[in-house]
Structure formats: structure tokens, C-alpha cells
file coords03.txt (compact mmCIF, C-alpha atoms)
# COMPACT_ATOMS: atom_id res chain seq x y z
CA ALA A 1 26.29 13.02 -15.77
CA VAL A 2 29.17 11.44 -13.91
CA PRO A 3 31.35 8.43 -14.78
CA TYR A 4 29.82 5.16 -13.62
CA GLY A 5 31.72 3.77 -10.63
CA ASP A 6 33.18 7.14 -9.59
CA ARG A 7 31.66 7.11 -6.11
CA ASN A 8 32.85 10.54 -5.03
CA ALA A 9 31.57 12.16 -8.21
CA MET A 10 28.20 10.39 -7.83
CA VAL A 11 27.85 11.50 -4.21
CA LYS A 12 28.71 15.08 -5.12
CA ALA A 13 26.18 15.10 -7.97
CA ILE A 14 23.48 13.77 -5.66
CA VAL A 15 24.22 16.23 -2.85
CA ASP A 16 24.40 19.14 -5.29
CA ALA A 17 21.04 18.19 -6.80
CA ILE A 18 19.39 17.87 -3.38
CA GLY A 19 20.84 21.24 -2.41
CA LYS A 20 19.05 22.77 -5.39
CA GLY A 21 15.73 21.32 -4.29
CA GLY A 22 15.94 18.00 -6.10
CA LEU A 23 14.64 14.68 -4.82
CA PHE A 24 16.81 11.59 -4.38
CA ALA A 25 14.57 8.53 -4.49
CA VAL A 26 15.31 5.04 -3.16
CA ASP A 27 13.06 2.04 -3.79
CA VAL A 28 13.04 -1.01 -1.52
CA ASP A 29 11.22 -3.69 -3.48
CA ILE A 30 10.89 -7.39 -4.27
CA VAL A 31 10.29 -7.01 -8.03
CA PRO A 32 10.94 -4.33 -10.67
CA THR A 33 8.12 -1.76 -10.66
CA LYS A 34 7.19 1.53 -12.29
CA ILE A 35 8.16 3.30 -9.07
CA GLY A 36 11.52 1.56 -9.11
CA GLU A 37 12.13 2.70 -12.68
CA ALA A 38 11.79 6.30 -11.50
CA CYS A 39 14.20 5.88 -8.56
CA HIS A 40 17.94 6.45 -8.40
CA VAL A 41 18.67 3.39 -6.25
CA ILE A 42 16.86 0.08 -5.85
CA LEU A 43 17.53 -2.00 -2.73
CA PRO A 44 16.39 -5.60 -3.36
CA ALA A 45 14.24 -7.00 -0.56
CA ALA A 46 13.27 -10.55 0.36
CA THR A 47 9.64 -11.59 0.48
CA SER A 48 7.57 -14.19 2.31
CA GLY A 49 9.23 -17.60 2.08
CA GLU A 50 12.62 -16.00 1.51
CA MET A 51 12.68 -14.63 5.04
CA ASN A 52 11.13 -15.27 8.43
CA LEU A 53 8.00 -13.17 8.52
CA THR A 54 5.60 -12.38 11.32
CA SER A 55 2.25 -11.10 10.13
CA MET A 56 -1.08 -10.02 11.62
CA ASN A 57 -4.44 -10.09 9.86
CA GLY A 58 -7.74 -8.32 10.38
CA GLU A 59 -8.75 -10.53 13.29
CA ARG A 60 -5.50 -9.67 15.14
CA ARG A 61 -4.06 -13.14 14.46
CA MET A 62 -0.27 -13.24 14.53
CA ARG A 63 1.62 -16.04 12.86
CA LEU A 64 5.18 -16.84 11.87
CA THR A 65 5.87 -17.82 8.26
CA GLU A 66 9.31 -19.36 8.20
CA ARG A 67 11.89 -19.06 5.47
CA TYR A 68 12.07 -22.09 3.19
CA MET A 69 14.26 -20.84 0.34
CA ASP A 70 17.04 -18.33 -0.25
CA PRO A 71 16.26 -14.86 -1.57
CA PRO A 72 17.74 -14.09 -4.99
CA GLY A 73 21.14 -12.43 -5.24
CA ASN A 74 21.89 -10.07 -2.37
CA ALA A 75 18.23 -9.43 -1.50
CA MET A 76 17.47 -9.38 2.22
CA PRO A 77 14.59 -8.64 4.62
CA ASP A 78 13.64 -4.97 4.64
CA CYS A 79 14.24 -4.74 8.39
CA LEU A 80 17.88 -5.74 7.84
CA ILE A 81 18.19 -3.27 4.97
CA ALA A 82 17.03 -0.53 7.36
CA ALA A 83 19.47 -1.78 10.01
CA ARG A 84 22.43 -1.62 7.62
CA ILE A 85 21.49 1.91 6.58
CA ALA A 86 21.26 2.94 10.24
CA ASN A 87 24.61 1.34 11.06
CA HIS A 88 26.22 3.13 8.16
CA MET A 89 24.71 6.46 9.14
CA GLU A 90 25.95 6.04 12.71
CA ARG A 91 29.47 5.24 11.53
CA VAL A 92 29.65 8.18 9.10
CA PHE A 93 28.36 10.72 11.62
CA ARG A 94 30.81 9.50 14.28
CA GLU A 95 33.70 9.72 11.84
CA THR A 96 32.73 13.32 11.07
CA GLY A 97 32.56 14.25 14.77
CA LYS A 98 28.77 14.51 14.97
CA GLY A 99 28.20 12.13 17.85
CA ASP A 100 24.87 13.63 18.87
CA ILE A 101 23.41 12.82 15.45
CA ALA A 102 25.14 9.43 15.37
CA ASP A 103 23.43 8.50 18.64
CA LYS A 104 20.05 8.70 16.90
CA PHE A 105 21.07 5.70 14.79
CA LYS A 106 22.31 3.49 17.63
CA GLY A 107 20.85 0.13 18.51
CA PHE A 108 20.23 -1.34 15.08
CA ASP A 109 22.71 -4.17 15.50
CA TRP A 110 20.23 -6.69 14.14
CA LYS A 111 21.63 -9.77 12.42
CA THR A 112 18.38 -11.63 11.83
CA GLU A 113 14.67 -10.98 11.41
CA GLU A 114 14.19 -12.38 14.91
CA ASP A 115 16.55 -9.74 16.31
CA ALA A 116 14.39 -7.03 14.77
CA PHE A 117 11.20 -8.65 16.08
CA MET A 118 12.49 -8.99 19.62
CA ASP A 119 13.83 -5.43 19.63
CA GLY A 120 10.61 -3.98 18.27
CA TYR A 121 7.47 -6.00 18.90
CA SER A 122 8.55 -8.00 21.91
CA LYS A 123 9.86 -4.98 23.81
CA HIS A 124 7.23 -2.42 22.92
CA GLU A 125 3.91 -4.01 21.94
CA LYS A 126 1.25 -4.77 24.55
CA GLY A 127 1.75 -8.41 25.50
CA GLY A 128 4.92 -8.55 23.44
CA GLU A 129 6.92 -9.92 26.34
CA PHE A 130 5.07 -13.24 25.93
CA VAL A 131 5.85 -13.59 22.21
CA THR A 132 8.99 -15.22 20.80
CA TYR A 133 9.81 -17.01 17.56
CA ALA A 134 10.04 -20.32 19.43
CA ARG A 135 6.54 -19.90 20.87
CA LEU A 136 5.14 -18.79 17.52
CA ARG A 137 6.54 -21.94 15.92
CA THR A 138 4.68 -23.97 18.53
CA MET A 139 1.44 -22.14 17.69
CA GLY A 140 1.73 -23.14 14.02
CA THR A 141 -0.61 -21.71 11.40
CA ASN A 142 -3.29 -20.93 14.00
CA GLY A 143 -1.02 -18.43 15.74
CA PHE A 144 -2.70 -16.37 18.44
CA GLN A 145 -4.97 -13.35 18.60
CA GLU A 146 -3.33 -10.19 19.88
CA PRO A 147 -2.71 -9.00 22.46
CA ALA A 148 -1.00 -11.91 24.21
CA VAL A 149 -1.94 -12.12 27.89
CA ARG A 150 0.15 -15.02 29.23
CA VAL A 151 2.01 -18.22 28.41
CA GLU A 152 0.76 -21.66 29.38
CA THR A 153 2.71 -24.92 29.29
CA ALA A 154 1.09 -28.13 28.07
CA ASP A 155 2.82 -31.39 27.11
CA GLY A 156 6.14 -29.68 27.62
CA LYS A 157 5.35 -26.94 25.08
CA GLU A 158 4.78 -23.26 25.73
CA LYS A 159 1.56 -21.86 24.30
CA ILE A 160 0.74 -18.18 23.88
CA VAL A 161 -2.70 -17.29 25.20
CA GLY A 162 -4.24 -14.45 23.24
CA THR A 163 -7.40 -12.35 23.34
CA LYS A 164 -10.42 -13.68 21.47
CA ARG A 165 -12.46 -10.53 21.93
CA LEU A 166 -11.23 -7.07 22.86
CA PHE A 167 -12.84 -5.32 25.84
CA ALA A 168 -14.90 -8.39 26.74
CA ASP A 169 -14.69 -7.27 30.37
CA GLY A 170 -16.34 -3.95 29.50
CA LYS A 171 -13.20 -1.94 30.33
CA PHE A 172 -11.75 0.31 27.66
CA ASN A 173 -8.44 2.10 27.21
CA SER A 174 -9.56 5.37 28.75
CA LYS A 175 -8.97 7.08 32.08
CA ASP A 176 -12.34 6.03 33.46
CA GLY A 177 -12.40 2.69 31.63
CA LYS A 178 -15.52 3.63 29.68
CA ALA A 179 -16.06 3.75 25.93
CA THR A 180 -16.32 7.19 24.38
CA PHE A 181 -18.65 7.98 21.49
CA SER A 182 -18.04 11.32 19.81
CA SER A 183 -20.19 13.02 17.23
CA THR A 184 -18.57 14.95 14.41
CA GLN A 185 -19.91 17.32 11.81
CA TRP A 186 -19.20 17.21 8.09
CA ARG A 187 -16.40 19.71 7.50
CA GLY A 188 -16.64 19.90 3.76
CA LEU A 189 -14.05 18.66 1.30
CA GLN A 190 -11.18 20.19 3.33
CA ALA A 191 -8.43 19.87 0.72
CA ALA A 192 -7.79 23.18 -1.00
CA GLY A 193 -9.36 23.52 -4.43
CA LYS A 194 -11.65 20.51 -4.14
CA GLN A 195 -14.92 22.41 -4.08
CA ALA A 196 -13.92 24.43 -7.13
CA GLU A 197 -12.95 21.18 -8.86
CA LYS A 198 -16.35 19.70 -8.03
CA ASP A 199 -18.13 22.78 -9.35
CA LYS A 200 -16.18 22.80 -12.61
CA PHE A 201 -16.19 19.17 -13.73
CA ALA A 202 -19.07 16.79 -14.37
CA PHE A 203 -18.00 13.43 -12.93
CA LEU A 204 -16.88 12.19 -9.55
CA ILE A 205 -13.88 9.99 -10.40
CA ASN A 206 -13.75 7.66 -7.43
CA ASN A 207 -11.03 5.01 -7.35
CA GLY A 208 -9.84 1.95 -5.52
CA ARG A 209 -8.79 -1.68 -5.68
CA ALA A 210 -10.65 -4.62 -7.20
CA ASN A 211 -10.69 -8.32 -6.29
CA MET A 212 -9.68 -9.34 -9.80
CA ILE A 213 -6.34 -7.54 -9.61
CA TRP A 214 -3.72 -7.59 -6.90
CA GLN A 215 -3.01 -4.05 -5.68
CA SER A 216 -1.58 -1.95 -8.54
CA ALA A 217 -0.95 -5.05 -10.70
CA TYR A 218 2.76 -4.85 -9.96
CA LEU A 219 2.84 -8.67 -10.08
CA ASP A 220 -0.06 -9.10 -12.49
CA VAL A 221 1.82 -7.34 -15.28
CA ASP A 222 3.61 -10.68 -15.76
CA ASN A 223 0.38 -12.69 -15.52
CA GLU A 224 -0.91 -13.26 -19.05
CA PHE A 225 -4.36 -14.29 -17.82
CA VAL A 226 -4.90 -11.05 -15.86
CA MET A 227 -3.46 -8.75 -18.49
CA ASP A 228 -5.57 -10.40 -21.19
CA ARG A 229 -8.68 -9.82 -19.07
CA TRP A 230 -7.75 -6.24 -18.15
CA PRO A 231 -5.51 -4.73 -20.86
CA TYR A 232 -6.67 -1.32 -19.62
CA PRO A 233 -7.99 -0.19 -16.26
CA PHE A 234 -11.76 -0.19 -16.19
CA ILE A 235 -13.86 2.81 -15.31
CA GLU A 236 -17.34 1.85 -14.15
CA MET A 237 -20.03 4.16 -15.51
CA ASN A 238 -23.78 4.37 -15.34
CA PRO A 239 -25.23 3.19 -18.70
CA GLN A 240 -27.23 6.43 -19.06
CA ASP A 241 -24.05 8.48 -18.71
CA MET A 242 -22.46 6.26 -21.34
CA ALA A 243 -25.39 6.85 -23.70
CA GLU A 244 -25.16 10.63 -23.27
CA LEU A 245 -21.46 10.52 -24.18
CA LYS A 246 -22.12 8.04 -27.03
CA LEU A 247 -19.90 5.43 -25.38
CA LYS A 248 -20.08 1.67 -25.88
CA ASN A 249 -18.66 -1.23 -23.88
CA GLY A 250 -14.89 -1.25 -23.97
CA ASP A 251 -14.44 2.16 -25.57
CA LEU A 252 -11.32 3.98 -24.46
CA VAL A 253 -11.87 7.30 -22.74
CA GLU A 254 -9.75 10.10 -21.42
CA ILE A 255 -10.42 11.31 -17.89
CA TYR A 256 -9.14 14.83 -17.44
CA ASN A 257 -9.23 17.92 -15.25
CA ASP A 258 -6.89 20.78 -14.40
CA ASN A 259 -4.53 18.38 -12.61
CA GLY A 260 -3.81 16.11 -15.54
CA SER A 261 -5.30 13.26 -17.53
CA THR A 262 -5.39 9.50 -17.76
CA GLN A 263 -7.15 6.80 -19.77
CA ALA A 264 -9.43 3.86 -19.05
CA MET A 265 -11.76 1.30 -20.61
CA VAL A 266 -15.49 1.92 -20.15
CA TYR A 267 -17.33 -0.76 -18.17
CA PRO A 268 -21.12 -0.43 -17.91
CA THR A 269 -22.30 -0.68 -14.30
CA ALA A 270 -26.02 -0.37 -13.61
CA SER A 271 -25.47 0.15 -9.87
CA ALA A 272 -23.25 3.17 -10.45
CA LYS A 273 -24.99 6.46 -9.70
CA ARG A 274 -25.34 9.08 -12.39
CA LYS A 275 -22.24 11.26 -12.77
CA GLN A 276 -20.29 9.02 -10.37
CA ALA A 277 -17.61 6.83 -11.90
CA PHE A 278 -15.29 4.33 -10.26
CA MET A 279 -11.84 3.75 -11.77
CA LEU A 280 -9.30 1.07 -10.97
CA PHE A 281 -6.44 2.80 -9.19
CA ALA A 282 -2.73 2.87 -10.12
CA TYR A 283 -2.94 0.57 -13.13
CA PRO A 284 0.13 0.58 -15.40
CA THR A 285 -1.85 1.50 -18.53
CA GLY A 286 -3.89 4.24 -16.86
CA VAL A 287 -3.08 5.86 -13.52
CA GLN A 288 -5.98 7.55 -11.76
CA GLY A 289 -3.50 9.46 -9.60
CA ASN A 290 -2.73 11.64 -12.61
CA VAL A 291 -5.97 13.55 -12.03
CA VAL A 292 -5.69 13.85 -8.23
CA SER A 293 -4.94 17.37 -7.02
CA LYS A 294 -2.08 18.37 -4.73
CA GLY A 295 -4.49 19.70 -2.13
CA VAL A 296 -4.26 18.06 1.31
CA ASN A 297 -6.08 18.28 4.63
CA GLU A 298 -4.54 19.22 7.98
CA PHE A 299 -2.96 15.76 8.21
CA ILE A 300 -1.18 16.33 4.88
CA ILE A 301 -3.30 13.61 3.26
CA PRO A 302 -4.51 14.11 -0.33
CA ASN A 303 -8.24 13.79 -0.92
CA TYR A 304 -7.72 11.16 -3.60
CA LYS A 305 -11.15 9.58 -3.11
CA GLN A 306 -12.99 12.74 -4.09
CA THR A 307 -11.71 13.83 -7.47
CA TRP A 308 -13.81 15.38 -10.20
CA GLY A 309 -13.11 15.39 -13.91
CA ASN A 310 -14.63 15.18 -17.34
CA ILE A 311 -14.75 12.13 -19.57
CA ARG A 312 -14.42 12.07 -23.35
CA LYS A 313 -14.04 9.33 -25.90
CA ILE A 314 -10.62 8.50 -27.32
CA SER A 315 -11.58 5.61 -29.57
CA ASP A 316 -13.93 2.72 -30.15
CA ALA A 317 -13.07 -0.46 -28.29
CA PRO A 318 -9.64 -1.48 -29.64
CA GLU A 319 -8.95 -4.95 -30.96
CA GLY A 320 -7.34 -5.95 -27.66
CA VAL A 321 -10.62 -5.64 -25.73
CA ARG A 322 -13.20 -6.88 -28.22
CA HIS A 323 -12.97 -10.44 -26.91
CA LEU A 324 -13.86 -9.37 -23.35
CA THR A 325 -17.13 -9.83 -21.54
CA PHE A 326 -18.77 -6.82 -19.98
CA LYS A 327 -21.22 -8.67 -17.80
CA SER A 328 -21.75 -7.32 -14.30
CA LYS A 329 -18.92 -8.08 -11.89
CA GLU A 330 -21.44 -8.01 -9.05
CA TYR A 331 -23.15 -11.13 -7.81
CA THR A 332 -25.45 -12.20 -5.00
CA ALA A 333 -23.95 -14.65 -2.52
call {"tool": "encode", "arguments": {"input": "coords03.txt", "output": "C-alpha cells"}}
result
Amino acid sequence: AVPYGDRNAMVKAIVDAIGKGGLFAVDVDIVPTKIGEACHVILPAATSGEMNLTSMNGERRMRLTERYMDPPGNAMPDCLIAARIANHMERVFRETGKGDIADKFKGFDWKTEEDAFMDGYSKHEKGGEFVTYARLRTMGTNGFQEPAVRVETADGKEKIVGTKRLFADGKFNSKDGKATFSSTQWRGLQAAGKQAEKDKFAFLINNGRANMIWQSAYLDVDNEFVMDRWPYPFIEMNPQDMAELKLKNGDLVEIYNDNGSTQAMVYPTASAKRKQAFMLFAYPTGVQGNVVSKGVNEFIIPNYKQTWGNIRKISDAPEGVRHLTFKSKEYTA
């Protein structure tokens, strides 16, 4: 421990810890989170409405959402946080005579979100030379579909012309302009230890998001309606598997393997295959990541979708879930 406010002592403690193999963690975030609680430094960021934000959706539509209120305290857009870190790194390395390293941090003299956009997207993205904040404002909420191909002027206003459909001319981004279809063979589970895990434990513990909860519930933890509906993460199980384990709706279970353990609330799901469970990921009251192994593939990506474990009952449905419905979440449109 070092005295609070003693900057030199704090820096020395951090550097010494890193030198011994420790990890110094920094969280850039808009709200307090579990990850932030585990970090040494939190850098407060601005969010949509508190900053000018360009965004693209699944149909390649780019729009500008303009700032309409101030961010709280000293929060700022994450691009400007990164710029300030880069500027500081450049200054420190120059002062210590390491100009070659300092040069790697040059060019981040951004003062606004627009500076960052023009330096990044406008200069480097295909069609970026046609896109500016002024033109995006003209496009309004409709925006344009990337990539931009030209600018047209109508009624004295510049309009970005985008691309409704990619490769409509039949020419693709290849040397001969043709599309390439490649076949690939199943290479097995790839990540080290996965096959042994599958052989040892009874259930596939798949995981993912759900429409009823936003991401990892980092905002929903303050939403009484959501937390009342989902006090625990659900794990969807085939009713026959539930019967074999003597489980009822809402019972709490432990999911465990050699990597760790977590907990969830049983949710009967007739469409779930036998011995294949689906658990809500990264929920504050039960984190599926606790049972994911450290094994990775050649891209250093964990095989978090294919995890196997066993399931055992912790308790009958607690009082906090007895008011819930366990009707199917699936419906026919």
C-alpha cells in the first residue's frame, strides 16, 4: 500500500507489480460496472447524446447523432481519452530521450470528435473522402449506406450518395473481380482440452445474449422491472433432463466443471435438445464465463460457445423467483 496522493510512490508500486508479472487494469466506461470494480483506474467516458457520435448498423447505414447535453463531470468521448493518453505518452518518451518510441504516438492532436472522425474514417475508409459532419447533418436520420460513392448537390445542399447493394455490378474485391467460394472441413474443437472436457461432463453449456436483457445487464442492474423478472440468469434445459435431475421450474442449480462453477435459475425449454443447455451470459448473479476453459485456437480466441459441465441442484426455487412465469419465451410471428 502507498499513501493516497503520493504520485511517485503509486507509479513505483504499479511498475514494480507489473515487473513481477502483475496486471495493471484500466476501465473506460460510461457507468460503474463489475469490470470497473476490478480495475485500478476508471476513465469516465461520454455516451450517445453527450457527444457527437457516428454509428453504422447492420445495413451499412451511417448516421450522425449529435450531442444535446453535457457529459457528467470530466467524462469525455473515448476517442479524446485515447488522444490524451497518446499525447501524454509522446511527451514522456520525448522528455526521456526516446524519440523513436515517441514518434509512434504522434498525430493524435484531436480536439473534437469530428477531428477524430476526419483523421480516421474520412482519410482511410473506402468512400470516406465524401463524408463530413456537415454532410451527415444534411442526411439526417436516414444517413447513407456505406460505402459513399459521390456527393450530389440539390437545393443548395450536399447529399452523400451511398451504395444500396454491394457488388450489384457483379464485380468483387478480388484480383479477377470474381466471387470466391471455399469449402472447409470440420477441424474439431481446436481449443486445447475441449474434447476431454466434452468426454468428461454431461451437458453442453452454451451461452449468449437474450432480447429481454441488454448485453450483460450492466444497465439493467438499476432497472427494477428487469431485475425483478430475472433475479438470476436463466439456464434453459430440456424438461426430460430436468426430470432426471429432479429439478423444478425456478430451482437454483450449480453448473460446474474443472474450470470453475457458477449458478443459474432453471427454465424449462421444450425446444432444447437433450443434454444441451443454454445459459444467459455474463449476468451479475451468475457468470457463465466462470466455467469456460483457458484453451484457445490459433487466433487466440477462447472456445466459449462449446463448454461442457455438470449440473446439480442447489436449492428449490427461492422466494425471489416464485412469482415468475416460466412460460415459453418463444413465439410464432
call {"tool": "closest_residue", "arguments": {"input": "coords03.txt", "among": "A:Pro239, A:Tyr218, A:Phe201, A:Phe225", "to": "A:Asn259", "atoms": "only C-alpha atoms"}}
result
A:Phe201
call {"tool": "closest_residue", "arguments": {"input": "coords03.txt", "among": "A:Glu95, A:Ile81, A:Ser183, A:Ala134", "to": "A:Trp110", "atoms": "all atoms listed in the file"}}
result
A:Ile81
call {"tool": "atom_distance", "arguments": {"input": "coords03.txt", "atom1": "atom CA of A:Gly49", "atom2": "atom CA of A:Gln145"}}
result
22.2 Å
call {"tool": "closest_atom_pairs", "arguments": {"input": "coords03.txt", "of": "stretch 238-314 of chain A", "to": "stretch 323-333 of chain A", "cutoff": "10 Å", "atoms": "only C-alpha atoms", "output": "JSON lines"}}
result
{"residue": "A:Asn249", "atom": "CA", "partner": "A:Phe326", "partner_atom": "CA", "distance": 6.8}
{"residue": "A:Gly250", "atom": "CA", "partner": "A:Phe326", "partner_atom": "CA", "distance": 7.9}
{"residue": "A:Val266", "atom": "CA", "partner": "A:Phe326", "partner_atom": "CA", "distance": 9.3}
{"residue": "A:Tyr267", "atom": "CA", "partner": "A:Phe326", "partner_atom": "CA", "distance": 6.5}
{"residue": "A:Pro268", "atom": "CA", "partner": "A:Phe326", "partner_atom": "CA", "distance": 7.1}
{"residue": "A:Thr269", "atom": "CA", "partner": "A:Ser328", "partner_atom": "CA", "distance": 6.7}
{"residue": "A:Ala270", "atom": "CA", "partner": "A:Ser328", "partner_atom": "CA", "distance": 8.2}
{"residue": "A:Ser271", "atom": "CA", "partner": "A:Glu330", "partner_atom": "CA", "distance": 9.1}
call {"tool": "closest_atom_pairs", "arguments": {"input": "coords03.txt", "of": "stretch 208-240 of chain A", "to": "stretch 314-321 of chain A", "cutoff": "10 Å", "atoms": "only C-alpha atoms", "output": "CSV"}}
result
residue,atom,partner,partner_atom,distance
A:Asp228,CA,A:Gly320,CA,8.0
A:Arg229,CA,A:Val321,CA,8.1
A:Trp230,CA,A:Val321,CA,8.1
A:Pro231,CA,A:Val321,CA,7.1
A:Tyr232,CA,A:Val321,CA,8.5
call {"tool": "residues_around", "arguments": {"input": "coords03.txt", "residues": "A:Pro233", "least_positions_apart": "3", "cutoff": "7 Å", "atoms": "all atoms listed in the file", "output": "PyMOL selection string"}}
result
chain A and resi 230+264-265+280+283+285-286
call {"tool": "write_last_selection", "arguments": {"input": "coords03.txt", "atoms": "C-alpha atoms", "output": "PDB file, keeping the file's coordinate frame"}}
result
ATOM      1  CA  TRP A 230      -7.750  -6.240 -18.150  1.00  0.00           C
ATOM      2  CA  ALA A 264      -9.430   3.860 -19.050  1.00  0.00           C
ATOM      3  CA  MET A 265     -11.760   1.300 -20.610  1.00  0.00           C
ATOM      4  CA  LEU A 280      -9.300   1.070 -10.970  1.00  0.00           C
ATOM      5  CA  TYR A 283      -2.940   0.570 -13.130  1.00  0.00           C
ATOM      6  CA  THR A 285      -1.850   1.500 -18.530  1.00  0.00           C
ATOM      7  CA  GLY A 286      -3.890   4.240 -16.860  1.00  0.00           C
TER       8      GLY A 286
END
call {"tool": "closest_residue", "arguments": {"input": "coords03.txt", "among": "A:Gln195, A:Asn303, A:Asn310, A:Ser182", "to": "A:Gln276", "atoms": "all atoms listed in the file"}}
result
A:Asn310
call {"tool": "closest_residue", "arguments": {"input": "coords03.txt", "among": "A:Asn142, A:Asn297, A:Thr132, A:Asn257", "to": "A:Asp199", "atoms": "all atoms listed in the file"}}
result
A:Asn257
call {"tool": "residues_around", "arguments": {"input": "coords03.txt", "residues": "A:Ala38", "least_positions_apart": "3", "cutoff": "9 Å", "atoms": "only C-alpha atoms", "output": "JSON, numbers by chain"}}
result
{"A": [25, 27, 33, 34, 35]}
call {"tool": "residues_around", "arguments": {"input": "coords03.txt", "residues": "A:Ala82", "least_positions_apart": "5", "cutoff": "10 Å", "atoms": "only C-alpha atoms", "output": "number ranges by chain"}}
result
A: 28, 77, 87-88, 108, 110
call {"tool": "atom_distance", "arguments": {"input": "coords03.txt", "atom1": "atom CA of A:Ile213", "atom2": "atom CA of A:Glu37"}}
result
21.3 Å
call {"tool": "closest_residue", "arguments": {"input": "coords03.txt", "among": "A:Glu146, A:Asp251, A:Ala217, A:Pro302", "to": "A:Arg322", "atoms": "all atoms listed in the file"}}
result
A:Asp251
call {"tool": "residues_near_point", "arguments": {"input": "coords03.txt", "point": "(11.0, -9.7, 18.1)", "cutoff": "12 Å", "atoms": "only C-alpha atoms", "output": "PDB file with C-alpha atoms, keeping the file's coordinate frame"}}
result
ATOM      1  CA  ASN A  52      11.130 -15.270   8.430  1.00  0.00           C
ATOM      2  CA  LEU A  53       8.000 -13.170   8.520  1.00  0.00           C
ATOM      3  CA  THR A  54       5.600 -12.380  11.320  1.00  0.00           C
ATOM      4  CA  SER A  55       2.250 -11.100  10.130  1.00  0.00           C
ATOM      5  CA  LEU A  64       5.180 -16.840  11.870  1.00  0.00           C
ATOM      6  CA  CYS A  79      14.240  -4.740   8.390  1.00  0.00           C
ATOM      7  CA  TRP A 110      20.230  -6.690  14.140  1.00  0.00           C
ATOM      8  CA  THR A 112      18.380 -11.630  11.830  1.00  0.00           C
ATOM      9  CA  GLU A 113      14.670 -10.980  11.410  1.00  0.00           C
ATOM     10  CA  GLU A 114      14.190 -12.380  14.910  1.00  0.00           C
ATOM     11  CA  ASP A 115      16.550  -9.740  16.310  1.00  0.00           C
ATOM     12  CA  ALA A 116      14.390  -7.030  14.770  1.00  0.00           C
ATOM     13  CA  PHE A 117      11.200  -8.650  16.080  1.00  0.00           C
ATOM     14  CA  MET A 118      12.490  -8.990  19.620  1.00  0.00           C
ATOM     15  CA  ASP A 119      13.830  -5.430  19.630  1.00  0.00           C
ATOM     16  CA  GLY A 120      10.610  -3.980  18.270  1.00  0.00           C
ATOM     17  CA  TYR A 121       7.470  -6.000  18.900  1.00  0.00           C
ATOM     18  CA  SER A 122       8.550  -8.000  21.910  1.00  0.00           C
ATOM     19  CA  LYS A 123       9.860  -4.980  23.810  1.00  0.00           C
ATOM     20  CA  HIS A 124       7.230  -2.420  22.920  1.00  0.00           C
ATOM     21  CA  GLU A 125       3.910  -4.010  21.940  1.00  0.00           C
ATOM     22  CA  GLY A 127       1.750  -8.410  25.500  1.00  0.00           C
ATOM     23  CA  GLY A 128       4.920  -8.550  23.440  1.00  0.00           C
ATOM     24  CA  GLU A 129       6.920  -9.920  26.340  1.00  0.00           C
ATOM     25  CA  PHE A 130       5.070 -13.240  25.930  1.00  0.00           C
ATOM     26  CA  VAL A 131       5.850 -13.590  22.210  1.00  0.00           C
ATOM     27  CA  THR A 132       8.990 -15.220  20.800  1.00  0.00           C
ATOM     28  CA  TYR A 133       9.810 -17.010  17.560  1.00  0.00           C
ATOM     29  CA  ALA A 134      10.040 -20.320  19.430  1.00  0.00           C
ATOM     30  CA  ARG A 135       6.540 -19.900  20.870  1.00  0.00           C
ATOM     31  CA  LEU A 136       5.140 -18.790  17.520  1.00  0.00           C
TER      32      LEU A 136
END
call {"tool": "closest_residue", "arguments": {"input": "coords03.txt", "among": "A:Ser48, A:Thr96, A:Gln240, A:Ser293", "to": "A:Arg274", "atoms": "all atoms listed in the file"}}
result
A:Gln240
call {"tool": "atom_distance", "arguments": {"input": "coords03.txt", "atom1": "atom CA of A:His40", "atom2": "atom CA of A:Lys20"}}
result
16.6 Å
call {"tool": "residues_around", "arguments": {"input": "coords03.txt", "residues": "A:Ala102", "least_positions_apart": "4", "cutoff": "8 Å", "atoms": "all atoms listed in the file", "output": "PyMOL selection string"}}
result
chain A and resi 89-94+98+106
call {"tool": "decode", "arguments": {"input": "coords03.txt", "residues": "stretch 216-227 of chain A", "atoms": "N, CA, C and O atoms", "output": "short mmCIF file (atom, residue, chain, number, x, y, z; two decimals), in the first residue's frame"}}
result
data_model
loop_
_atom_site.label_atom_id
_atom_site.label_comp_id
_atom_site.auth_asym_id
_atom_site.auth_seq_id
_atom_site.Cartn_x
_atom_site.Cartn_y
_atom_site.Cartn_z
N SER A 216 -24.80 -7.52 -20.84
CA SER A 216 -24.53 -8.23 -19.59
C SER A 216 -25.32 -7.66 -18.43
O SER A 216 -24.98 -7.90 -17.27
N ALA A 217 -26.36 -6.89 -18.75
CA ALA A 217 -27.22 -6.25 -17.73
C ALA A 217 -26.49 -5.16 -16.97
O ALA A 217 -26.89 -4.79 -15.87
N TYR A 218 -25.44 -4.60 -17.58
CA TYR A 218 -24.69 -3.56 -16.87
C TYR A 218 -25.54 -2.32 -16.61
O TYR A 218 -25.27 -1.57 -15.66
N LEU A 219 -26.56 -2.08 -17.43
CA LEU A 219 -27.51 -1.01 -17.15
C LEU A 219 -28.75 -1.56 -16.44
O LEU A 219 -29.34 -0.88 -15.60
N ASP A 220 -29.12 -2.78 -16.77
CA ASP A 220 -30.34 -3.36 -16.20
C ASP A 220 -30.25 -3.61 -14.70
O ASP A 220 -31.28 -3.80 -14.05
N VAL A 221 -29.04 -3.64 -14.15
CA VAL A 221 -28.93 -3.85 -12.71
C VAL A 221 -29.63 -2.73 -11.93
O VAL A 221 -29.98 -2.91 -10.76
N ASP A 222 -29.84 -1.59 -12.57
CA ASP A 222 -30.55 -0.48 -11.92
C ASP A 222 -31.99 -0.38 -12.41
O ASP A 222 -32.68 0.61 -12.12
N ASN A 223 -32.45 -1.37 -13.16
CA ASN A 223 -33.81 -1.39 -13.68
C ASN A 223 -34.61 -2.40 -12.87
O ASN A 223 -34.47 -3.61 -13.02
N GLU A 224 -35.46 -1.89 -11.99
CA GLU A 224 -36.20 -2.77 -11.07
C GLU A 224 -37.07 -3.77 -11.82
O GLU A 224 -37.20 -4.93 -11.40
N PHE A 225 -37.64 -3.36 -12.94
CA PHE A 225 -38.51 -4.26 -13.71
C PHE A 225 -37.73 -5.47 -14.22
O PHE A 225 -38.17 -6.62 -14.09
N VAL A 226 -36.54 -5.23 -14.78
CA VAL A 226 -35.74 -6.32 -15.34
C VAL A 226 -35.21 -7.22 -14.23
O VAL A 226 -35.27 -8.46 -14.33
N MET A 227 -34.70 -6.62 -13.17
CA MET A 227 -34.12 -7.43 -12.11
C MET A 227 -35.18 -8.24 -11.36
O MET A 227 -34.91 -9.32 -10.84
#
